[in-house]
Every structure is written in C-alpha cells, then in structure tokens.
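A.B. asks: Sharing my_file-v4.pdb below, PDB, C-alpha atoms:
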```pdb
MODEL        1
ATOM      1  CA  MET A   5       0.000   0.000   0.000  1.00  0.00           C
ATOM      2  CA  GLN A   6       1.537   3.306  -1.059  1.00  0.00           C
ATOM      3  CA  ILE A   7       0.686   6.882  -0.376  1.00  0.00           C
ATOM      4  CA  GLY A   8       2.478  10.112  -1.347  1.00  0.00           C
ATOM      5  CA  PHE A   9       6.288  10.178  -1.750  1.00  0.00           C
ATOM      6  CA  GLY A  10       6.221   6.486  -2.736  1.00  0.00           C
ATOM      7  CA  ILE A  11       6.380   5.318   0.865  1.00  0.00           C
ATOM      8  CA  ASP A  12       5.103   1.833   1.560  1.00  0.00           C
ATOM      9  CA  TYR A  13       3.338   1.945   4.897  1.00  0.00           C
ATOM     10  CA  SER A  14       1.672  -1.432   4.866  1.00  0.00           C
ATOM     11  CA  PHE A  15       3.923  -2.552   7.749  1.00  0.00           C
ATOM     12  CA  PHE A  16       2.404   0.091  10.035  1.00  0.00           C
ATOM     13  CA  THR A  17      -1.069  -1.340   9.582  1.00  0.00           C
ATOM     14  CA  SER A  18       0.067  -4.955   9.862  1.00  0.00           C
ATOM     15  CA  LEU A  19      -0.841  -7.102  12.837  1.00  0.00           C
ATOM     16  CA  LEU A  20       2.814  -7.413  13.825  1.00  0.00           C
ATOM     17  CA  ALA A  21       3.196  -3.619  14.063  1.00  0.00           C
ATOM     18  CA  LEU A  22       0.060  -3.364  16.163  1.00  0.00           C
ATOM     19  CA  ARG A  23       1.269  -6.091  18.490  1.00  0.00           C
ATOM     20  CA  ILE A  24       4.608  -4.311  18.881  1.00  0.00           C
ATOM     21  CA  ALA A  25       2.798  -1.018  19.595  1.00  0.00           C
ATOM     22  CA  PHE A  26       0.629  -2.744  22.179  1.00  0.00           C
ATOM     23  CA  LEU A  27       3.640  -4.350  23.809  1.00  0.00           C
ATOM     24  CA  ILE A  28       5.480  -1.009  23.985  1.00  0.00           C
ATOM     25  CA  VAL A  29       2.483   0.679  25.619  1.00  0.00           C
ATOM     26  CA  VAL A  30       2.121  -2.194  28.099  1.00  0.00           C
ATOM     27  CA  LEU A  31       5.809  -1.870  28.981  1.00  0.00           C
ATOM     28  CA  ILE A  32       5.522   1.909  29.418  1.00  0.00           C
ATOM     29  CA  TYR A  33       2.431   1.350  31.556  1.00  0.00           C
ATOM     30  CA  ALA A  34       4.180  -1.220  33.748  1.00  0.00           C
ATOM     31  CA  VAL A  35       7.240   0.972  34.323  1.00  0.00           C
ATOM     32  CA  MET A  36       5.227   4.141  34.966  1.00  0.00           C
ATOM     33  CA  THR A  37       2.854   2.322  37.307  1.00  0.00           C
ATOM     34  CA  PHE A  38       5.771   0.995  39.309  1.00  0.00           C
ATOM     35  CA  VAL A  39       7.336   4.472  39.526  1.00  0.00           C
ATOM     36  CA  LEU A  40       4.065   6.219  40.403  1.00  0.00           C
ATOM     37  CA  LEU A  41       3.083   3.694  43.046  1.00  0.00           C
ATOM     38  CA  TYR A  42       6.547   3.925  44.571  1.00  0.00           C
ATOM     39  CA  HIS A  43       6.253   7.722  44.774  1.00  0.00           C
ATOM     40  CA  TRP A  44       2.738   7.662  46.191  1.00  0.00           C
ATOM     41  CA  ASN A  45       3.535   5.037  48.789  1.00  0.00           C
ATOM     42  CA  THR A  46       6.838   6.601  49.815  1.00  0.00           C
ATOM     43  CA  PHE A  47       6.144  10.332  49.775  1.00  0.00           C
ATOM     44  CA  GLY A  48       2.368  10.695  49.885  1.00  0.00           C
ATOM     45  CA  MET A  49       1.267  11.952  53.274  1.00  0.00           C
ATOM     46  CA  GLU A  50      -2.506  11.838  52.867  1.00  0.00           C
ATOM     47  CA  ALA A  51      -3.528   8.199  52.744  1.00  0.00           C
ATOM     48  CA  ARG A  52      -7.078   8.909  51.565  1.00  0.00           C
ATOM     49  CA  ALA A  53      -6.068  11.033  48.555  1.00  0.00           C
ATOM     50  CA  ILE A  54      -3.443   8.511  47.530  1.00  0.00           C
ATOM     51  CA  LYS A  55      -5.847   5.601  47.869  1.00  0.00           C
ATOM     52  CA  SER A  56      -8.510   7.150  45.643  1.00  0.00           C
ATOM     53  CA  ALA A  57      -5.923   8.252  43.062  1.00  0.00           C
ATOM     54  CA  ARG A  58      -4.386   4.783  42.998  1.00  0.00           C
ATOM     55  CA  THR A  59      -7.761   3.071  42.624  1.00  0.00           C
ATOM     56  CA  MET A  60      -8.831   5.391  39.811  1.00  0.00           C
ATOM     57  CA  TYR A  61      -5.502   5.153  37.982  1.00  0.00           C
ATOM     58  CA  ILE A  62      -5.304   1.368  38.078  1.00  0.00           C
ATOM     59  CA  ALA A  63      -8.996   0.751  37.328  1.00  0.00           C
ATOM     60  CA  VAL A  64      -9.162   3.011  34.272  1.00  0.00           C
ATOM     61  CA  SER A  65      -5.798   1.995  32.869  1.00  0.00           C
ATOM     62  CA  LEU A  66      -6.548  -1.726  33.213  1.00  0.00           C
ATOM     63  CA  LEU A  67      -9.906  -1.168  31.553  1.00  0.00           C
ATOM     64  CA  LEU A  68      -8.212   0.618  28.650  1.00  0.00           C
ATOM     65  CA  LEU A  69      -5.558  -2.086  28.361  1.00  0.00           C
ATOM     66  CA  CYS A  70      -8.136  -4.887  28.365  1.00  0.00           C
ATOM     67  CA  ALA A  71     -10.264  -3.084  25.781  1.00  0.00           C
ATOM     68  CA  ALA A  72      -7.203  -2.538  23.566  1.00  0.00           C
ATOM     69  CA  GLY A  73      -6.218  -6.182  23.986  1.00  0.00           C
ATOM     70  CA  ILE A  74      -9.703  -7.385  23.004  1.00  0.00           C
ATOM     71  CA  LEU A  75      -9.686  -5.117  19.951  1.00  0.00           C
ATOM     72  CA  LEU A  76      -6.265  -6.468  18.993  1.00  0.00           C
ATOM     73  CA  ILE A  77      -7.738  -9.969  18.911  1.00  0.00           C
ATOM     74  CA  TYR A  78     -10.531  -8.845  16.595  1.00  0.00           C
ATOM     75  CA  ILE A  79      -8.366  -6.882  14.136  1.00  0.00           C
TER      76      ILE A  79
ATOM     77  CA  MET B  13       8.970  10.123  53.629  1.00  0.00           C
ATOM     78  CA  ILE B  14       9.228  13.050  56.029  1.00  0.00           C
ATOM     79  CA  VAL B  15      10.425  12.141  59.471  1.00  0.00           C
ATOM     80  CA  LEU B  16       9.204  14.548  62.122  1.00  0.00           C
ATOM     81  CA  GLU B  17      11.192  15.223  65.249  1.00  0.00           C
ATOM     82  CA  PRO B  18       9.844  14.004  68.604  1.00  0.00           C
ATOM     83  CA  GLY B  19       7.204  16.475  69.793  1.00  0.00           C
ATOM     84  CA  GLU B  20       6.866  18.014  66.357  1.00  0.00           C
ATOM     85  CA  ASN B  21       3.450  18.033  64.705  1.00  0.00           C
ATOM     86  CA  ILE B  22       2.057  19.389  61.467  1.00  0.00           C
ATOM     87  CA  VAL B  23       0.031  22.561  62.018  1.00  0.00           C
ATOM     88  CA  GLY B  24      -0.915  23.186  58.414  1.00  0.00           C
ATOM     89  CA  GLU B  25      -0.061  22.456  54.834  1.00  0.00           C
ATOM     90  CA  VAL B  26       0.107  24.628  51.765  1.00  0.00           C
ATOM     91  CA  ARG B  27      -0.455  23.167  48.327  1.00  0.00           C
ATOM     92  CA  ARG B  28      -0.519  24.508  44.843  1.00  0.00           C
ATOM     93  CA  HIS B  29      -3.892  25.698  43.567  1.00  0.00           C
ATOM     94  CA  TRP B  30      -6.097  23.288  41.583  1.00  0.00           C
ATOM     95  CA  PHE B  31      -6.008  25.658  38.622  1.00  0.00           C
ATOM     96  CA  VAL B  32      -2.474  24.449  37.873  1.00  0.00           C
ATOM     97  CA  MET B  33      -3.885  20.973  37.256  1.00  0.00           C
ATOM     98  CA  PHE B  34      -6.951  22.323  35.482  1.00  0.00           C
ATOM     99  CA  GLY B  35      -4.815  23.963  32.784  1.00  0.00           C
ATOM    100  CA  PHE B  36      -2.977  20.740  32.095  1.00  0.00           C
ATOM    101  CA  SER B  37      -6.161  18.659  32.219  1.00  0.00           C
ATOM    102  CA  LEU B  38      -7.698  20.931  29.602  1.00  0.00           C
ATOM    103  CA  ILE B  39      -4.730  20.350  27.290  1.00  0.00           C
ATOM    104  CA  LEU B  40      -5.061  16.595  27.804  1.00  0.00           C
ATOM    105  CA  CYS B  41      -8.791  16.727  27.043  1.00  0.00           C
ATOM    106  CA  ILE B  42      -8.078  18.575  23.796  1.00  0.00           C
ATOM    107  CA  LEU B  43      -5.417  15.993  22.920  1.00  0.00           C
ATOM    108  CA  ALA B  44      -7.910  13.206  23.680  1.00  0.00           C
ATOM    109  CA  VAL B  45     -10.599  14.663  21.444  1.00  0.00           C
ATOM    110  CA  LEU B  46      -8.219  15.747  18.664  1.00  0.00           C
ATOM    111  CA  PRO B  47      -7.919  12.328  16.920  1.00  0.00           C
ATOM    112  CA  CYS B  48     -11.731  12.011  16.780  1.00  0.00           C
ATOM    113  CA  ILE B  49     -12.152  15.470  15.272  1.00  0.00           C
ATOM    114  CA  SER B  50      -9.347  15.011  12.765  1.00  0.00           C
ATOM    115  CA  PHE B  51     -10.691  11.580  11.778  1.00  0.00           C
ATOM    116  CA  LYS B  52     -14.144  13.079  11.265  1.00  0.00           C
ATOM    117  CA  ILE B  53     -12.760  15.888   9.114  1.00  0.00           C
ATOM    118  CA  LEU B  54     -10.459  13.606   7.125  1.00  0.00           C
ATOM    119  CA  SER B  55     -13.216  11.072   6.463  1.00  0.00           C
ATOM    120  CA  GLN B  56     -15.330  13.818   4.866  1.00  0.00           C
ATOM    121  CA  VAL B  57     -12.631  14.618   2.322  1.00  0.00           C
ATOM    122  CA  LYS B  58     -13.486  12.322  -0.576  1.00  0.00           C
ATOM    123  CA  GLU B  59     -10.284  12.582  -2.598  1.00  0.00           C
ATOM    124  CA  LEU B  60      -8.054  11.766   0.339  1.00  0.00           C
ATOM    125  CA  PRO B  61      -5.690   8.862  -0.307  1.00  0.00           C
ATOM    126  CA  LEU B  62      -4.521   8.750   3.322  1.00  0.00           C
ATOM    127  CA  LEU B  63      -7.371   6.669   4.660  1.00  0.00           C
ATOM    128  CA  PRO B  64      -7.886   3.923   2.091  1.00  0.00           C
ATOM    129  CA  ASN B  65      -9.708   1.090   3.813  1.00  0.00           C
ATOM    130  CA  ILE B  66      -8.737   1.443   7.422  1.00  0.00           C
ATOM    131  CA  ASN B  67     -11.319  -0.300   9.552  1.00  0.00           C
ATOM    132  CA  ILE B  68     -12.915   1.110  12.655  1.00  0.00           C
ATOM    133  CA  ILE B  69     -11.460  -1.514  15.026  1.00  0.00           C
ATOM    134  CA  PHE B  70      -7.949  -0.568  13.947  1.00  0.00           C
ATOM    135  CA  CYS B  71      -8.666   3.116  14.677  1.00  0.00           C
ATOM    136  CA  ALA B  72     -10.328   2.307  18.004  1.00  0.00           C
ATOM    137  CA  PHE B  73      -7.325   0.220  19.039  1.00  0.00           C
ATOM    138  CA  LEU B  74      -4.866   3.048  18.315  1.00  0.00           C
ATOM    139  CA  TYR B  75      -7.174   5.523  20.004  1.00  0.00           C
ATOM    140  CA  LEU B  76      -7.312   3.421  23.184  1.00  0.00           C
ATOM    141  CA  LEU B  77      -3.516   3.273  23.293  1.00  0.00           C
ATOM    142  CA  TRP B  78      -3.418   7.046  22.834  1.00  0.00           C
ATOM    143  CA  ILE B  79      -5.904   7.565  25.674  1.00  0.00           C
ATOM    144  CA  LEU B  80      -3.869   5.262  27.905  1.00  0.00           C
ATOM    145  CA  CYS B  81      -0.720   7.308  27.226  1.00  0.00           C
ATOM    146  CA  LEU B  82      -2.618  10.514  28.085  1.00  0.00           C
ATOM    147  CA  TRP B  83      -3.973   8.871  31.240  1.00  0.00           C
ATOM    148  CA  ILE B  84      -0.440   7.979  32.366  1.00  0.00           C
ATOM    149  CA  ALA B  85       0.752  11.519  31.512  1.00  0.00           C
ATOM    150  CA  PHE B  86      -2.049  12.976  33.619  1.00  0.00           C
ATOM    151  CA  PHE B  87      -0.996  10.985  36.671  1.00  0.00           C
ATOM    152  CA  VAL B  88       2.669  11.834  36.178  1.00  0.00           C
ATOM    153  CA  VAL B  89       1.756  15.533  36.240  1.00  0.00           C
ATOM    154  CA  TRP B  90      -0.665  14.988  39.129  1.00  0.00           C
ATOM    155  CA  THR B  91       2.120  13.333  41.128  1.00  0.00           C
ATOM    156  CA  ASP B  92       4.349  16.331  40.479  1.00  0.00           C
ATOM    157  CA  TYR B  93       1.510  18.632  41.566  1.00  0.00           C
ATOM    158  CA  TYR B  94       0.519  16.597  44.594  1.00  0.00           C
ATOM    159  CA  LEU B  95       4.000  16.122  45.994  1.00  0.00           C
ATOM    160  CA  ASP B  96       4.832  19.855  45.845  1.00  0.00           C
ATOM    161  CA  VAL B  97       3.865  20.932  49.310  1.00  0.00           C
ATOM    162  CA  TRP B  98       4.842  23.023  52.312  1.00  0.00           C
ATOM    163  CA  TYR B  99       4.267  21.579  55.744  1.00  0.00           C
ATOM    164  CA  ILE B 100       4.079  24.100  58.556  1.00  0.00           C
ATOM    165  CA  THR B 101       4.967  22.338  61.755  1.00  0.00           C
ATOM    166  CA  ASN B 102       5.214  23.759  65.270  1.00  0.00           C
ATOM    167  CA  ARG B 103       9.012  23.843  64.914  1.00  0.00           C
ATOM    168  CA  ARG B 104       9.934  24.490  61.296  1.00  0.00           C
ATOM    169  CA  LEU B 105       8.800  24.822  57.734  1.00  0.00           C
ATOM    170  CA  ILE B 106       9.281  21.826  55.466  1.00  0.00           C
ATOM    171  CA  ASP B 107       9.383  22.651  51.775  1.00  0.00           C
ATOM    172  CA  ILE B 108       9.086  19.677  49.443  1.00  0.00           C
ATOM    173  CA  GLU B 109       9.548  20.291  45.781  1.00  0.00           C
ATOM    174  CA  GLN B 110       9.018  17.497  43.320  1.00  0.00           C
ATOM    175  CA  LYS B 111      10.733  18.296  40.025  1.00  0.00           C
ATOM    176  CA  GLY B 112       9.465  15.783  37.510  1.00  0.00           C
ATOM    177  CA  ILE B 113       9.435  12.142  38.512  1.00  0.00           C
ATOM    178  CA  PHE B 114      12.960  11.509  39.678  1.00  0.00           C
ATOM    179  CA  ASN B 115      14.083  14.824  41.178  1.00  0.00           C
ATOM    180  CA  ARG B 116      13.003  15.820  44.628  1.00  0.00           C
ATOM    181  CA  GLU B 117      14.170  18.566  46.950  1.00  0.00           C
ATOM    182  CA  VAL B 118      13.286  18.771  50.628  1.00  0.00           C
ATOM    183  CA  ILE B 119      14.260  21.906  52.545  1.00  0.00           C
ATOM    184  CA  TYR B 120      13.856  22.267  56.300  1.00  0.00           C
ATOM    185  CA  VAL B 121      13.772  25.856  57.519  1.00  0.00           C
ATOM    186  CA  ALA B 122      13.788  26.729  61.195  1.00  0.00           C
ATOM    187  CA  TYR B 123      11.498  29.653  61.995  1.00  0.00           C
ATOM    188  CA  ASP B 124      14.297  31.797  63.401  1.00  0.00           C
ATOM    189  CA  LYS B 125      15.987  31.667  59.975  1.00  0.00           C
ATOM    190  CA  ILE B 126      12.985  33.191  58.182  1.00  0.00           C
ATOM    191  CA  GLN B 127      13.586  36.867  57.501  1.00  0.00           C
ATOM    192  CA  ASP B 128      10.742  37.915  55.260  1.00  0.00           C
ATOM    193  CA  THR B 129       7.564  36.499  53.714  1.00  0.00           C
ATOM    194  CA  THR B 130       6.080  37.873  50.506  1.00  0.00           C
ATOM    195  CA  VAL B 131       2.854  36.977  48.727  1.00  0.00           C
ATOM    196  CA  GLU B 132       2.889  37.859  45.064  1.00  0.00           C
ATOM    197  CA  THR B 133      -0.313  37.707  42.998  1.00  0.00           C
ATOM    198  CA  ARG B 134       0.092  38.101  39.281  1.00  0.00           C
ATOM    199  CA  GLY B 135      -2.593  38.201  36.620  1.00  0.00           C
ATOM    200  CA  VAL B 136      -6.369  38.275  36.348  1.00  0.00           C
ATOM    201  CA  ILE B 137      -6.957  34.539  36.887  1.00  0.00           C
ATOM    202  CA  ALA B 138      -4.724  34.438  39.976  1.00  0.00           C
ATOM    203  CA  THR B 139      -6.571  37.432  41.431  1.00  0.00           C
ATOM    204  CA  MET B 140     -10.018  36.005  40.683  1.00  0.00           C
ATOM    205  CA  LEU B 141      -9.287  32.489  41.945  1.00  0.00           C
ATOM    206  CA  GLY B 142      -7.087  33.590  44.808  1.00  0.00           C
ATOM    207  CA  PHE B 143      -3.741  31.931  44.275  1.00  0.00           C
ATOM    208  CA  SER B 144      -0.307  33.468  44.528  1.00  0.00           C
ATOM    209  CA  ASP B 145       3.385  32.786  44.694  1.00  0.00           C
ATOM    210  CA  ILE B 146       4.720  32.778  48.242  1.00  0.00           C
ATOM    211  CA  HIS B 147       8.332  33.873  48.648  1.00  0.00           C
ATOM    212  CA  ILE B 148      10.247  33.284  51.836  1.00  0.00           C
ATOM    213  CA  GLN B 149      13.610  34.914  52.399  1.00  0.00           C
ATOM    214  CA  THR B 150      15.806  32.908  54.706  1.00  0.00           C
ATOM    215  CA  ALA B 151      19.159  33.330  56.338  1.00  0.00           C
ATOM    216  CA  GLY B 152      20.108  29.799  55.399  1.00  0.00           C
ATOM    217  CA  GLU B 153      22.050  28.433  52.475  1.00  0.00           C
ATOM    218  CA  GLN B 154      18.941  28.415  50.283  1.00  0.00           C
ATOM    219  CA  ARG B 155      18.275  32.179  50.259  1.00  0.00           C
ATOM    220  CA  GLU B 156      14.765  32.113  48.897  1.00  0.00           C
ATOM    221  CA  ILE B 157      12.053  29.479  48.928  1.00  0.00           C
ATOM    222  CA  ILE B 158       9.143  29.874  46.548  1.00  0.00           C
ATOM    223  CA  LEU B 159       5.885  27.999  46.323  1.00  0.00           C
ATOM    224  CA  HIS B 160       4.343  28.829  42.982  1.00  0.00           C
ATOM    225  CA  SER B 161       0.569  29.235  42.623  1.00  0.00           C
ATOM    226  CA  ALA B 162      -0.150  28.451  46.257  1.00  0.00           C
ATOM    227  CA  ALA B 163      -3.786  28.041  47.238  1.00  0.00           C
ATOM    228  CA  SER B 164      -5.084  30.337  50.021  1.00  0.00           C
ATOM    229  CA  PRO B 165      -1.807  32.276  50.305  1.00  0.00           C
ATOM    230  CA  GLU B 166      -3.043  34.740  52.918  1.00  0.00           C
ATOM    231  CA  ILE B 167      -4.128  31.960  55.258  1.00  0.00           C
ATOM    232  CA  ALA B 168      -0.781  30.271  54.730  1.00  0.00           C
ATOM    233  CA  LYS B 169       1.085  33.471  55.484  1.00  0.00           C
ATOM    234  CA  LYS B 170      -0.979  34.059  58.610  1.00  0.00           C
ATOM    235  CA  MET B 171      -0.366  30.515  59.798  1.00  0.00           C
ATOM    236  CA  LEU B 172       3.354  30.878  59.156  1.00  0.00           C
ATOM    237  CA  ASN B 173       3.567  34.209  60.967  1.00  0.00           C
ATOM    238  CA  GLU B 174       1.737  32.750  63.970  1.00  0.00           C
ATOM    239  CA  GLN B 175       4.248  29.929  64.190  1.00  0.00           C
ATOM    240  CA  ILE B 176       7.178  32.353  63.836  1.00  0.00           C
ATOM    241  CA  LEU B 177       5.784  34.472  66.680  1.00  0.00           C
ATOM    242  CA  LYS B 178       5.143  31.435  68.878  1.00  0.00           C
ATOM    243  CA  ASN B 179       8.669  30.238  68.213  1.00  0.00           C
ATOM    244  CA  LYS B 180      10.079  33.649  69.185  1.00  0.00           C
ATOM    245  CA  GLU B 181       8.040  33.732  72.397  1.00  0.00           C
ATOM    246  CA  GLN B 182       9.208  30.260  73.343  1.00  0.00           C
ATOM    247  CA  LYS B 183      12.840  31.237  72.888  1.00  0.00           C
ATOM    248  CA  GLN B 184      12.454  34.369  74.997  1.00  0.00           C
TER     249      GLN B 184
ENDMDL
END
```
Would you kindly transcribe this structure into structure tokens?
C.D. replies:
Amino acid sequence: MQIGFGIDYSFFTSLLALRIAFLIVVLIYAVMTFVLLYHWNTFGMEARAIKSARTMYIAVSLLLLCAAGILLIYI
Amino acid sequence: MIVLEPGENIVGEVRRHWFVMFGFSLILCILAVLPCISFKILSQVKELPLLPNINIIFCAFLYLLWILCLWIAFFVVWTDYYLDVWYITNRRLIDIEQKGIFNREVIYVAYDKIQDTTVETRGVIATMLGFSDIHIQTAGEQREIILHSAASPEIAKKMLNEQILKNKEQKQ
C-alpha cells in the first residue's frame, strides 16, 4: 500500500506492528505504574487522597488495556 | 517520607492551587478529542488517499492506546503537583519540591531563619481564583524558597507568621 512520496506503509497497519505497539504501551504502563506507586507510597502523606488516586488510575488503565487487547484480537 | 522530630506536629499544609492541574487537564482533554475530530474531518474529504480502507477496530485500538498514554501523563503531572507541598509544623517549615518524577528537593527551615515572607499575585486569573506565589527569604544556604501558585496564600502566610511568633516567644 503506497501513499504520497512512494512510501510503503503497509507494515504500520500490519498485525505485527500493532502487536509491537501494544507491547510497547504495556511496557511503558508497567514501568510508569511501578514508579508512580513507589512515589505515592513513599512520599504521599494523605492516605485517603493517595488511595482514591491509585484506585482510579489502576482501574481506568486496566480497563483501557483490556479493551485494547480485546480489539487487537478482533483486528 | 518526612520524618518529624519528637514532639513536632504538622500545624498546616500549603499546596498549589487546583487551577495548575486544570490547565494541564484541559490540554489533555483537547489531545484526547483531537484524533476524533481530525478523523471526522479527514473522512469527509473524498479525494483523500490517506485513509484507504482502514477499519474502525484498527482506529479504536490506536485511540485506546493514545488515551492510555494521556492517562499515564495525567498521573505523572498529578504526582508532580501533589507532591509539591509546604508543611508548617510547630518547629519548622518543610518545603518539598518534586521536580518531575525523579528529582526531589526537601528543605527544612527553622522559623528563626525566616527573615521575610512575601505573597505575590500576578494576573487576572490568579486574582479572581485567589492563588499566589509565596516567597520566603531565609538566612540559610537556600536564600529564597518559593511555592508557585499556592492556594489560600493569605491563610498560609498568617499561619506561618503565627508559628514564627510562637517560636520567638518560646525562645524568649
């Protein structure tokens, strides 16, 4: 598949590219979650604020990851 | 984690105003909506060769990854915002400044080292919403401590002055 400038971009829409993209985002998510949780648990003084932030962050991000994973199966 | 001295307790805390987060949240919301708007506009252009037969699941998948990245970015900025704080204790002022994710500065200032406190309000929004920069001149190594866009600056200044006075009285 070619668009302007004669560039073939079929790789970017291939399943392999999407799987790599998904893997990269999962890795970024894992690292950032580890770092954020470490910061919140170590330096956060208000337990209630930290708890609600942690719950919201993890719940929404896992939901997004699961939805993306399901879509990846159906592509 | 801050370790307080025996007999020391936190009298008050000063945080940055929520408007700091609001500005960034607005940018993130625009970034979240932007792909939808651009897709809508691009799909209406008939002669466009950029979107040949890309299916909706493919777009939704990329969009979810994009939203996830924005979600992580929001919490990184929130952490920076949340961990920037001044604790006013009965013995000293503790200034914690989180600079990004991996840089952190904690300054302990004894009240007898504080020379001058200034509240500086700049701009229409700061005046309307009531947030200001608080500057503290000290006699220590770190000459000036600043908390940018502090919420309720006058209350914070009052609280700080009360503690400085109490500290002076105790020493006399």
A.B. asks: Please report as a tab-separated table every residue of chain B lying within 10 Å of chain A, along with the nearest atom pair and their distance in Å (one decimal), using only C-alpha atoms.
C.D. replies:
```
residue	atom	partner	partner_atom	distance
B:Met13	CA	A:Phe47	CA	4.8
B:Ile14	CA	A:Phe47	CA	7.5
B:Pro61	CA	A:Ile7	CA	6.7
B:Leu62	CA	A:Ile7	CA	6.7
B:Leu63	CA	A:Ile7	CA	9.5
B:Pro64	CA	A:Met5	CA	9.1
B:Ile66	CA	A:Thr17	CA	8.4
B:Asn67	CA	A:Ile79	CA	8.5
B:Ile68	CA	A:Ile79	CA	9.3
B:Ile69	CA	A:Ile79	CA	6.3
B:Phe70	CA	A:Ile79	CA	6.3
B:Cys71	CA	A:Leu75	CA	9.8
B:Ala72	CA	A:Leu75	CA	7.7
B:Phe73	CA	A:Ala72	CA	5.3
B:Leu74	CA	A:Ala72	CA	8.0
B:Tyr75	CA	A:Ala72	CA	8.8
B:Leu76	CA	A:Ala72	CA	6.0
B:Leu77	CA	A:Ala72	CA	6.9
B:Trp78	CA	A:Val29	CA	9.1
B:Ile79	CA	A:Leu68	CA	7.9
B:Leu80	CA	A:Ser65	CA	6.2
B:Cys81	CA	A:Val29	CA	7.5
B:Trp83	CA	A:Ser65	CA	7.3
B:Ile84	CA	A:Tyr33	CA	7.3
B:Ala85	CA	A:Met36	CA	9.3
B:Phe86	CA	A:Tyr61	CA	9.6
B:Phe87	CA	A:Tyr61	CA	7.5
B:Val88	CA	A:Leu40	CA	7.2
B:Trp90	CA	A:Ala57	CA	9.4
B:Thr91	CA	A:Leu40	CA	7.4
B:Asp92	CA	A:His43	CA	9.8
B:Tyr94	CA	A:Gly48	CA	8.1
B:Leu95	CA	A:Gly48	CA	6.9
B:Ile108	CA	A:Phe47	CA	9.8
B:Ile113	CA	A:Val39	CA	8.0
B:Phe114	CA	A:Val39	CA	9.0
```
A.B. asks: Pick out the closest residue to Asp124 (chain B) from this set: B:Tyr93, B:Gln110, B:Leu177, B:Lys170. Count all atoms listed in the file.
C.D. replies: B:Leu177
A.B. asks: Work out how far CA of Leu38 (chain B) is from CA of Val131 (chain B), in Å to one decimal.
C.D. replies: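 One can read the CA of Val131 (chain B) to CA of Leu38 (chain B) distance as 27.1 Å.
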A.B. asks: Near Ala168 (chain B), counting all atoms listed in the file, which residues have an atom at most 12 Å away, once you skip same-chain residues fewer than 6 positions from it, shown as an mmCIF file with C-alpha atoms, in the coordinates of the input?
C.D. replies:
```cif
data_model
loop_
_atom_site.group_PDB
_atom_site.id
_atom_site.type_symbol
_atom_site.label_atom_id
_atom_site.label_comp_id
_atom_site.auth_asym_id
_atom_site.auth_seq_id
_atom_site.Cartn_x
_atom_site.Cartn_y
_atom_site.Cartn_z
ATOM 1 C CA VAL B 23 0.031 22.561 62.018
ATOM 2 C CA GLY B 24 -0.915 23.186 58.414
ATOM 3 C CA GLU B 25 -0.061 22.456 54.834
ATOM 4 C CA VAL B 26 0.107 24.628 51.765
ATOM 5 C CA ARG B 27 -0.455 23.167 48.327
ATOM 6 C CA ARG B 28 -0.519 24.508 44.843
ATOM 7 C CA VAL B 97 3.865 20.932 49.310
ATOM 8 C CA TRP B 98 4.842 23.023 52.312
ATOM 9 C CA TYR B 99 4.267 21.579 55.744
ATOM 10 C CA ILE B 100 4.079 24.100 58.556
ATOM 11 C CA LEU B 105 8.800 24.822 57.734
ATOM 12 C CA THR B 129 7.564 36.499 53.714
ATOM 13 C CA THR B 130 6.080 37.873 50.506
ATOM 14 C CA VAL B 131 2.854 36.977 48.727
ATOM 15 C CA PHE B 143 -3.741 31.931 44.275
ATOM 16 C CA SER B 144 -0.307 33.468 44.528
ATOM 17 C CA ASP B 145 3.385 32.786 44.694
ATOM 18 C CA ILE B 146 4.720 32.778 48.242
ATOM 19 C CA HIS B 147 8.332 33.873 48.648
ATOM 20 C CA ILE B 148 10.247 33.284 51.836
ATOM 21 C CA LEU B 159 5.885 27.999 46.323
ATOM 22 C CA ALA B 162 -0.150 28.451 46.257
ATOM 23 C CA GLU B 174 1.737 32.750 63.970
ATOM 24 C CA GLN B 175 4.248 29.929 64.190
#
```
A.B. asks: For this file, the PyMOL selection byres ((chain B and resi 118) around 9) selects which residues, as a ChimeraX atom specification?
C.D. replies: /B:14,106-110,116-117,119-120
A.B. asks: Please compute the CA of Lys111 (chain B)-CA of Asp96 (chain B) distance, one decimal, in Å.
C.D. replies: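 Atom-to-atom, CA of Lys111 (chain B) and CA of Asp96 (chain B) are spaced 8.4 Å apart.
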A.B. asks: Work out how far apart CA of Asn173 (chain B) and CA of Glu156 (chain B) are and give it in Å to one decimal.
C.D. replies: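 Answer for the CA of Asn173 (chain B) to CA of Glu156 (chain B) separation: 16.6 Å.
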A.B. asks: Grab region 123-130 of chain B from that structure and dump N, CA, C and O atoms to a file, as a PDB file, in the first residue's frame.
C.D. replies:
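And here is the file that came out, decode37.pdb:
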```pdb
ATOM      1  N   TYR B 123      12.214  28.373  62.038  1.00  0.00           N
ATOM      2  CA  TYR B 123      11.498  29.653  61.995  1.00  0.00           C
ATOM      3  C   TYR B 123      12.389  30.855  62.295  1.00  0.00           C
ATOM      4  O   TYR B 123      12.149  31.941  61.785  1.00  0.00           O
ATOM      5  N   ASP B 124      13.424  30.646  63.101  1.00  0.00           N
ATOM      6  CA  ASP B 124      14.297  31.797  63.401  1.00  0.00           C
ATOM      7  C   ASP B 124      15.181  32.187  62.206  1.00  0.00           C
ATOM      8  O   ASP B 124      15.813  33.229  62.208  1.00  0.00           O
ATOM      9  N   LYS B 125      15.207  31.345  61.187  1.00  0.00           N
ATOM     10  CA  LYS B 125      15.987  31.667  59.975  1.00  0.00           C
ATOM     11  C   LYS B 125      15.158  32.444  58.943  1.00  0.00           C
ATOM     12  O   LYS B 125      15.685  32.958  57.970  1.00  0.00           O
ATOM     13  N   ILE B 126      13.843  32.489  59.151  1.00  0.00           N
ATOM     14  CA  ILE B 126      12.985  33.191  58.182  1.00  0.00           C
ATOM     15  C   ILE B 126      13.070  34.696  58.425  1.00  0.00           C
ATOM     16  O   ILE B 126      12.853  35.183  59.529  1.00  0.00           O
ATOM     17  N   GLN B 127      13.419  35.421  57.370  1.00  0.00           N
ATOM     18  CA  GLN B 127      13.586  36.867  57.501  1.00  0.00           C
ATOM     19  C   GLN B 127      12.385  37.648  56.978  1.00  0.00           C
ATOM     20  O   GLN B 127      12.014  38.674  57.515  1.00  0.00           O
ATOM     21  N   ASP B 128      11.803  37.147  55.899  1.00  0.00           N
ATOM     22  CA  ASP B 128      10.742  37.915  55.260  1.00  0.00           C
ATOM     23  C   ASP B 128       9.803  36.985  54.475  1.00  0.00           C
ATOM     24  O   ASP B 128      10.256  36.003  53.886  1.00  0.00           O
ATOM     25  N   THR B 129       8.533  37.291  54.492  1.00  0.00           N
ATOM     26  CA  THR B 129       7.564  36.499  53.714  1.00  0.00           C
ATOM     27  C   THR B 129       6.827  37.430  52.754  1.00  0.00           C
ATOM     28  O   THR B 129       6.341  38.480  53.168  1.00  0.00           O
ATOM     29  N   THR B 130       6.761  37.044  51.506  1.00  0.00           N
ATOM     30  CA  THR B 130       6.080  37.873  50.506  1.00  0.00           C
ATOM     31  C   THR B 130       5.058  37.040  49.746  1.00  0.00           C
ATOM     32  O   THR B 130       5.336  35.915  49.362  1.00  0.00           O
TER      33      THR B 130
END
```
